[in-house]
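> This one is target_8.pdb, PDB, C-alpha atoms.
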```pdb
ATOM      1  CA  MET A   1      23.567  12.162  31.494
ATOM      2  CA  SER A   2      26.104  13.026  28.805
ATOM      3  CA  VAL A   3      25.799   9.414  27.647
ATOM      4  CA  TYR A   4      22.287  10.194  26.445
ATOM      5  CA  LYS A   5      23.130  13.464  24.744
ATOM      6  CA  MET A   6      22.315  12.883  21.104
ATOM      7  CA  SER A   7      24.262  14.659  18.419
ATOM      8  CA  ARG A   8      22.268  17.125  16.367
ATOM      9  CA  TYR A   9      22.529  14.786  13.361
ATOM     10  CA  THR A  10      20.958  11.918  15.249
ATOM     11  CA  LEU A  11      18.331  14.215  16.711
ATOM     12  CA  ALA A  12      17.373  15.771  13.376
ATOM     13  CA  THR A  13      17.277  12.505  11.426
ATOM     14  CA  SER A  14      15.307  10.779  14.186
ATOM     15  CA  ILE A  15      12.657  13.474  14.578
ATOM     16  CA  PHE A  16      12.286  13.778  10.807
ATOM     17  CA  ASN A  17      11.715  10.006  10.639
ATOM     18  CA  ARG A  18       8.805  10.447  13.052
ATOM     19  CA  ILE A  19       7.358  13.437  11.220
ATOM     20  CA  THR A  20       7.518  11.668   7.845
ATOM     21  CA  GLY A  21       6.010   8.558   9.454
ATOM     22  CA  VAL A  22       3.019  10.517  10.723
ATOM     23  CA  GLY A  23       2.739  12.160   7.292
ATOM     24  CA  LEU A  24       2.622   8.737   5.632
ATOM     25  CA  SER A  25      -0.085   7.664   8.109
ATOM     26  CA  VAL A  26      -2.179  10.562   6.806
ATOM     27  CA  GLY A  27      -1.280   9.389   3.302
ATOM     28  CA  LEU A  28      -2.980   6.071   4.101
ATOM     29  CA  ILE A  29      -6.278   7.981   4.264
ATOM     30  CA  VAL A  30      -5.707   9.236   0.707
ATOM     31  CA  LEU A  31      -4.775   5.705  -0.418
ATOM     32  CA  VAL A  32      -7.903   4.114   1.069
ATOM     33  CA  TYR A  33     -10.106   6.943  -0.249
ATOM     34  CA  TRP A  34      -8.697   6.209  -3.711
ATOM     35  CA  LEU A  35      -9.177   2.427  -3.298
ATOM     36  CA  MET A  36     -12.794   2.936  -2.230
ATOM     37  CA  ALA A  37     -13.331   5.208  -5.227
ATOM     38  CA  VAL A  38     -11.914   2.572  -7.580
ATOM     39  CA  ALA A  39     -14.303   0.027  -6.044
ATOM     40  CA  SER A  40     -17.333   2.319  -6.287
ATOM     41  CA  GLY A  41     -17.685   2.290 -10.061
ATOM     42  CA  THR A  42     -16.759   4.528 -12.986
ATOM     43  CA  ARG A  43     -18.914   7.536 -12.032
ATOM     44  CA  ALA A  44     -17.674   7.669  -8.430
ATOM     45  CA  TYR A  45     -14.087   7.177  -9.589
ATOM     46  CA  GLU A  46     -14.338  10.089 -12.038
ATOM     47  CA  ASN A  47     -15.478  12.354  -9.186
ATOM     48  CA  ALA A  48     -12.717  11.196  -6.868
ATOM     49  CA  HIS A  49     -10.184  11.469  -9.683
ATOM     50  CA  GLN A  50     -11.199  15.097 -10.138
ATOM     51  CA  VAL A  51     -10.805  15.766  -6.406
ATOM     52  CA  LEU A  52      -7.424  14.003  -6.300
ATOM     53  CA  SER A  53      -6.222  15.936  -9.365
ATOM     54  CA  ALA A  54      -6.817  19.321  -7.726
ATOM     55  CA  GLY A  55      -3.807  21.597  -7.377
ATOM     56  CA  ILE A  56      -3.633  21.215  -3.615
ATOM     57  CA  PHE A  57      -3.159  17.467  -4.030
ATOM     58  CA  LYS A  58      -0.011  18.009  -6.083
ATOM     59  CA  LEU A  59       1.429  19.481  -2.897
ATOM     60  CA  VAL A  60       0.148  16.458  -0.953
ATOM     61  CA  TYR A  61       1.799  14.055  -3.419
ATOM     62  CA  ALA A  62       5.047  16.008  -3.277
ATOM     63  CA  GLY A  63       4.935  15.817   0.522
ATOM     64  CA  LEU A  64       4.140  12.102   0.496
ATOM     65  CA  LEU A  65       6.950  11.502  -1.995
ATOM     66  CA  VAL A  66       9.484  13.230   0.247
ATOM     67  CA  ALA A  67       8.080  11.469   3.328
ATOM     68  CA  PHE A  68       8.134   8.052   1.657
ATOM     69  CA  CYS A  69      11.685   8.327   0.319
ATOM     70  CA  TYR A  70      13.076   9.640   3.592
ATOM     71  CA  HIS A  71      11.165   7.227   5.853
ATOM     72  CA  LEU A  72      12.203   4.270   3.678
ATOM     73  CA  VAL A  73      15.918   5.063   3.762
ATOM     74  CA  ALA A  74      15.958   6.222   7.402
ATOM     75  CA  GLY A  75      13.949   3.115   8.336
ATOM     76  CA  ILE A  76      16.597   0.871   6.779
ATOM     77  CA  ARG A  77      19.197   2.741   8.873
ATOM     78  CA  HIS A  78      17.141   1.898  11.973
ATOM     79  CA  LEU A  79      17.034  -1.769  10.945
ATOM     80  CA  VAL A  80      20.830  -1.765  10.612
ATOM     81  CA  TRP A  81      21.088  -0.193  14.074
ATOM     82  CA  ASP A  82      18.880  -2.982  15.426
ATOM     83  CA  THR A  83      21.552  -5.496  14.480
ATOM     84  CA  GLY A  84      23.933  -3.587  16.760
ATOM     85  CA  ARG A  85      25.962  -2.073  13.926
ATOM     86  CA  GLY A  86      26.739   1.562  13.188
ATOM     87  CA  LEU A  87      25.987   2.876  16.655
ATOM     88  CA  GLU A  88      29.280   4.689  17.205
ATOM     89  CA  ARG A  89      29.034   8.455  17.080
ATOM     90  CA  ALA A  90      31.193   8.849  13.966
ATOM     91  CA  GLN A  91      29.362   6.023  12.198
ATOM     92  CA  SER A  92      25.937   7.427  12.961
ATOM     93  CA  LYS A  93      27.030  10.868  11.779
ATOM     94  CA  LEU A  94      28.212   9.320   8.525
ATOM     95  CA  SER A  95      25.017   7.296   8.100
ATOM     96  CA  ALA A  96      22.961  10.459   8.722
ATOM     97  CA  VAL A  97      24.699  12.021   5.723
ATOM     98  CA  VAL A  98      24.166   8.834   3.693
ATOM     99  CA  VAL A  99      20.449   8.803   4.568
ATOM    100  CA  VAL A 100      19.961  12.420   3.483
ATOM    101  CA  THR A 101      21.956  11.907   0.280
ATOM    102  CA  VAL A 102      20.300   8.651  -0.782
ATOM    103  CA  SER A 103      16.774   9.805   0.055
ATOM    104  CA  SER A 104      17.357  13.091  -1.801
ATOM    105  CA  ALA A 105      18.457  11.163  -4.880
ATOM    106  CA  LEU A 106      15.373   8.951  -4.567
ATOM    107  CA  ILE A 107      13.140  12.024  -4.207
ATOM    108  CA  LEU A 108      14.587  13.548  -7.382
ATOM    109  CA  LEU A 109      14.281  10.266  -9.305
ATOM    110  CA  LEU A 110      10.687   9.508  -8.278
ATOM    111  CA  GLY A 111       9.731  13.180  -8.448
ATOM    112  CA  TYR A 112      10.916  13.327 -12.043
ATOM    113  CA  TRP A 113       8.956  10.158 -12.827
ATOM    114  CA  LEU A 114       5.818  11.353 -11.058
ATOM    115  CA  PHE A 115       5.650  14.991 -12.128
ATOM    116  CA  LEU A 116       7.580  15.199 -15.379
ATOM    117  CA  ALA A 117       8.199  11.940 -17.243
ATOM    118  CA  GLY A 118       4.849  10.260 -16.704
ATOM    119  CA  GLY A 119       2.842  13.418 -16.150
ATOM    120  CA  ARG A 120       0.929  11.419 -13.579
ATOM    121  CA  ALA A 121       0.285  14.302 -11.221
TER     122      ALA A 121
ATOM    123  CA  MET B   1       9.383 -15.189  46.147
ATOM    124  CA  LYS B   2       7.443 -12.100  46.984
ATOM    125  CA  SER B   3       6.809  -9.770  44.084
ATOM    126  CA  LEU B   4       9.177  -6.844  43.851
ATOM    127  CA  ARG B   5       6.372  -4.564  42.710
ATOM    128  CA  SER B   6       5.106  -2.166  45.341
ATOM    129  CA  PRO B   7       1.509  -2.672  46.566
ATOM    130  CA  LEU B   8       0.636   0.797  45.228
ATOM    131  CA  GLY B   9       2.084  -0.108  41.824
ATOM    132  CA  VAL B  10       0.003  -3.284  41.740
ATOM    133  CA  VAL B  11      -3.339  -1.660  42.581
ATOM    134  CA  SER B  12      -2.801   1.270  40.220
ATOM    135  CA  GLY B  13      -1.927  -1.133  37.412
ATOM    136  CA  LEU B  14       1.340   0.580  36.583
ATOM    137  CA  GLY B  15       4.416  -1.148  35.281
ATOM    138  CA  SER B  16       5.240  -3.423  32.378
ATOM    139  CA  ALA B  17       2.344  -5.075  30.579
ATOM    140  CA  LYS B  18       4.872  -7.496  28.998
ATOM    141  CA  GLY B  19       3.937  -6.150  25.597
ATOM    142  CA  GLY B  20       6.976  -3.986  24.904
ATOM    143  CA  VAL B  21       9.107  -6.569  23.134
ATOM    144  CA  HIS B  22       6.108  -7.769  21.136
ATOM    145  CA  HIS B  23       5.418  -4.203  19.966
ATOM    146  CA  TRP B  24       9.067  -3.617  19.138
ATOM    147  CA  TRP B  25       9.351  -6.880  17.206
ATOM    148  CA  LEU B  26       6.180  -6.312  15.174
ATOM    149  CA  GLN B  27       7.357  -2.794  14.301
ATOM    150  CA  ARG B  28      10.555  -4.362  12.869
ATOM    151  CA  LEU B  29       8.746  -7.184  11.060
ATOM    152  CA  THR B  30       6.341  -4.758   9.395
ATOM    153  CA  SER B  31       9.247  -2.423   8.480
ATOM    154  CA  ILE B  32      11.095  -5.228   6.730
ATOM    155  CA  ALA B  33       7.967  -6.301   4.837
ATOM    156  CA  LEU B  34       7.182  -2.728   3.813
ATOM    157  CA  VAL B  35      10.533  -2.202   2.072
ATOM    158  CA  PRO B  36       9.660  -4.433  -0.934
ATOM    159  CA  LEU B  37       5.900  -3.795  -0.668
ATOM    160  CA  THR B  38       6.116   0.004  -0.866
ATOM    161  CA  ILE B  39       8.683  -0.133  -3.675
ATOM    162  CA  TRP B  40       6.449  -2.551  -5.592
ATOM    163  CA  PHE B  41       3.383  -0.343  -5.054
ATOM    164  CA  THR B  42       5.133   2.904  -6.056
ATOM    165  CA  VAL B  43       6.713   1.431  -9.191
ATOM    166  CA  SER B  44       3.424  -0.278 -10.163
ATOM    167  CA  ILE B  45       1.361   2.904  -9.826
ATOM    168  CA  LEU B  46       3.927   5.012 -11.679
ATOM    169  CA  SER B  47       4.131   2.374 -14.429
ATOM    170  CA  LEU B  48       0.403   2.394 -15.176
ATOM    171  CA  PRO B  49      -0.127   3.860 -18.653
ATOM    172  CA  SER B  50      -2.941   6.051 -17.317
ATOM    173  CA  MET B  51      -5.020   6.520 -14.188
ATOM    174  CA  ASP B  52      -8.437   6.085 -15.805
ATOM    175  CA  HIS B  53     -10.891   3.654 -14.248
ATOM    176  CA  VAL B  54     -10.587   0.906 -16.902
ATOM    177  CA  THR B  55      -6.791   0.820 -16.625
ATOM    178  CA  VAL B  56      -6.748   0.858 -12.825
ATOM    179  CA  ILE B  57      -9.373  -1.897 -12.574
ATOM    180  CA  ALA B  58      -7.606  -4.090 -15.129
ATOM    181  CA  TRP B  59      -4.461  -3.795 -13.014
ATOM    182  CA  MET B  60      -6.119  -4.229  -9.630
ATOM    183  CA  ALA B  61      -8.246  -7.227 -10.645
ATOM    184  CA  GLN B  62      -5.195  -9.369 -11.432
ATOM    185  CA  SER B  63      -4.824 -12.002  -8.715
ATOM    186  CA  TRP B  64      -1.243 -11.188  -7.781
ATOM    187  CA  THR B  65      -1.882  -7.468  -7.764
ATOM    188  CA  ALA B  66      -4.937  -7.873  -5.527
ATOM    189  CA  LEU B  67      -3.068 -10.207  -3.195
ATOM    190  CA  LEU B  68      -0.030  -7.945  -2.842
ATOM    191  CA  LEU B  69      -2.245  -4.870  -2.457
ATOM    192  CA  ILE B  70      -4.137  -6.533   0.401
ATOM    193  CA  VAL B  71      -0.895  -7.477   2.129
ATOM    194  CA  PHE B  72       0.435  -3.944   1.545
ATOM    195  CA  VAL B  73      -2.676  -2.258   3.012
ATOM    196  CA  LEU B  74      -2.753  -4.561   6.048
ATOM    197  CA  VAL B  75       0.961  -4.302   6.834
ATOM    198  CA  ALA B  76       1.047  -0.534   6.194
ATOM    199  CA  THR B  77      -1.946   0.204   8.439
ATOM    200  CA  TYR B  78      -0.521  -2.029  11.157
ATOM    201  CA  HIS B  79       2.911  -0.393  10.930
ATOM    202  CA  SER B  80       1.215   3.007  11.010
ATOM    203  CA  GLN B  81      -0.851   2.064  14.060
ATOM    204  CA  LEU B  82       2.256   0.857  15.921
ATOM    205  CA  GLY B  83       4.158   4.005  14.930
ATOM    206  CA  VAL B  84       1.604   6.688  15.789
ATOM    207  CA  ARG B  85       0.944   4.884  19.047
ATOM    208  CA  VAL B  86       4.531   5.448  20.144
ATOM    209  CA  VAL B  87       4.340   9.081  19.040
ATOM    210  CA  VAL B  88       1.159   9.616  21.091
ATOM    211  CA  GLU B  89       2.655   7.817  24.085
ATOM    212  CA  ASP B  90       5.732  10.047  23.877
ATOM    213  CA  TYR B  91       4.056  13.409  23.388
ATOM    214  CA  VAL B  92       0.526  13.234  24.834
ATOM    215  CA  HIS B  93       0.828  13.186  28.612
ATOM    216  CA  ALA B  94      -2.645  13.862  30.034
ATOM    217  CA  PRO B  95      -3.876  10.324  30.893
ATOM    218  CA  GLY B  96      -7.451  10.762  29.651
ATOM    219  CA  MET B  97      -6.407  12.516  26.475
ATOM    220  CA  LYS B  98      -3.734   9.893  25.812
ATOM    221  CA  THR B  99      -6.208   7.011  26.097
ATOM    222  CA  LEU B 100      -8.830   8.822  24.029
ATOM    223  CA  THR B 101      -6.311   9.596  21.260
ATOM    224  CA  LEU B 102      -5.096   5.983  21.198
ATOM    225  CA  VAL B 103      -8.671   4.654  21.026
ATOM    226  CA  ILE B 104      -9.559   6.980  18.142
ATOM    227  CA  LEU B 105      -6.346   6.141  16.259
ATOM    228  CA  THR B 106      -6.982   2.408  16.681
ATOM    229  CA  PHE B 107     -10.540   2.796  15.360
ATOM    230  CA  VAL B 108      -9.356   4.870  12.390
ATOM    231  CA  HIS B 109      -6.617   2.380  11.515
ATOM    232  CA  THR B 110      -8.997  -0.566  11.775
ATOM    233  CA  LEU B 111     -11.463   1.225   9.510
ATOM    234  CA  LEU B 112      -8.724   2.042   6.994
ATOM    235  CA  ALA B 113      -7.489  -1.555   6.923
ATOM    236  CA  VAL B 114     -10.954  -3.077   6.512
ATOM    237  CA  ALA B 115     -12.078  -0.489   3.929
ATOM    238  CA  GLY B 116      -8.885  -0.998   1.936
ATOM    239  CA  VAL B 117      -9.208  -4.788   1.867
ATOM    240  CA  PHE B 118     -12.940  -4.548   1.086
ATOM    241  CA  ALA B 119     -12.289  -2.213  -1.854
ATOM    242  CA  ILE B 120      -9.531  -4.393  -3.321
ATOM    243  CA  LEU B 121     -11.627  -7.574  -2.993
ATOM    244  CA  LYS B 122     -14.629  -5.866  -4.582
ATOM    245  CA  VAL B 123     -12.532  -4.888  -7.595
ATOM    246  CA  ALA B 124     -10.821  -8.290  -7.722
ATOM    247  CA  PHE B 125     -14.169 -10.098  -7.776
ATOM    248  CA  GLY B 126     -15.447  -7.872 -10.571
ATOM    249  CA  GLY B 127     -17.780  -5.706  -8.506
ATOM    250  CA  ALA B 128     -16.539  -2.306  -9.663
ATOM    251  CA  ALA B 129     -16.888  -2.431 -13.446
TER     252      ALA B 129
END
```
Could the structure of this file be written out as structure tokens, please?

Amino acid sequence: MSVYKMSRYTLATSIFNRITGVGLSVGLIVLVYWLMAVASGTRAYENAHQVLSAGIFKLVYAGLLVAFCYHLVAGIRHLVWDTGRGLERAQSKLSAVVVVTVSSALILLLGYWLFLAGGRA
Amino acid sequence: MKSLRSPLGVVSGLGSAKGGVHHWWLQRLTSIALVPLTIWFTVSILSLPSMDHVTVIAWMAQSWTALLLIVFVLVATYHSQLGVRVVVEDYVHAPGMKTLTLVILTFVHTLLAVAGVFAILKVAFGGAA
């Protein structure tokens, strides 16, 4: 059974990929709610815009931002694994560090754009 | 040759439904497509000068925007459906509850996909102004 014992890096990055994936699925509800609001005319959009601008939604956007950045980078790691590369223990430990580093940088970059530079949220 | 499946396995309908590879492959295909699609969507939304209705509609009604948005919504909901399905299959063990959860999730995802495409088309054809 020791063959199947995953290192804590693999375990943590894998479970976080699932959690962020489920989070992004919930985000799809927000996206479609927004799309329907856009399609429902100016008055309906103003109402929805007010709802989506509420303080609690800033937390939602922050969560979706983290989930998106992580799931994107970790997903690419999975696609690389699918080609049969990077499966050795040392390699996967290294790529776990790369995933966390790159997605963190992406979170900071997009977070700055979303919350500070553009003032979108 | 006689089937290697046990008679009990056959009558209870257990075993491979020959859909595993198909599921796996579609999960990969949708992942690959979502890399450029999600980046395009995020950059586009963040690049909009404002989020007021006029601006959003002007952006969404462009043919290429509408087309890419439709593809994005369809691929994202499909990828999501495939993903949460695996999560449910892994963590929900009571047979009835598992089936019920999967049915509800499939309905929700179908509704999200159709509503999303409907909304984009309505805007694209000038029905939201």
> Figure out the distance between atom CA of B:Ser6 and atom CA of B:Trp24, please, to one decimal in Å.
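Between atom CA of B:Trp24 and atom CA of B:Ser6 the gap works out to 26.5 Å.
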> Identify all residues satisfying the ChimeraX specification (/A :<6) & /B in the given file; provide them as a ChimeraX atom specification.
/B:80,116,119,123,128-129
> State, in Å with one decimal place, the distance from atom CA of B:His109 to atom CA of B:Asp90.
19.1 Å
> What is the distance between atom CA of B:Leu37 and atom CA of A:Tyr61, in Å to one decimal?
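Atom CA of A:Tyr61 lies at a distance of 18.5 Å from atom CA of B:Leu37.
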> From the options B:Phe72, B:His93, B:Leu102, B:Val117, which residue's atoms come nearest to B:Ser31, counting all atoms listed in the file?
B:Phe72
> Assuming 6 Å of padding per side, give the centre and edge lengths of the axis-aligned box around every listed atom of stretch 63-76 of chain A, in Å to one decimal and as lines of an AutoDock Vina configuration file.

```
center_x = 10.4
center_y = 8.3
center_z = 3.2
size_x = 24.5
size_y = 26.9
size_z = 22.3
```
> Between A:Gln50, A:Ala96, A:Leu11, A:Leu116, which one has atoms that come closest to A:Ala74, using only C-alpha atoms?
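Selected residue with least distance to A:Ala74: A:Ala96.
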> Find the residues around stretch 52-62 of chain B up to 6 Å (all atoms listed in the file counted), leave out those fewer than 2 positions away in its own chain, and share them as a list in words.
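Contacts, in chain order: Ser50, Trp64, Thr65, Ala66, Val123 and Ala124 of chain B.
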> With all atoms listed in the file as the basis for distance, which of A:Leu64, A:Ala48, A:Val102, A:Leu108 is at the shortest distance from A:Arg77?
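For A:Arg77, the nearest of the given residues is A:Val102.
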> Quick one: residues within 12 Å of A:Gln91, all atoms listed in the file, excluding same-chain residues fewer than 6 positions away - as JSON, numbers by chain?
{"A": [7, 9, 10, 77, 80, 81, 84, 85, 97, 98]}
> Quick one: residues within 12 Å of B:Thr106, all atoms listed in the file counted, chain neighbours fewer than 2 positions away excluded, as a PyMOL selection string?
chain B and resi 77-85+88+99-104+108-113
> Between B:Leu69, B:Val114, B:Phe41, B:Val75, which one has atoms that come closest to B:Arg28, using all atoms listed in the file?
B:Val75
> Hey, which of B:Ser3, B:Leu121, B:Ser12, B:Leu48 ends up closest to B:Leu67? Count only C-alpha atoms.
B:Leu121
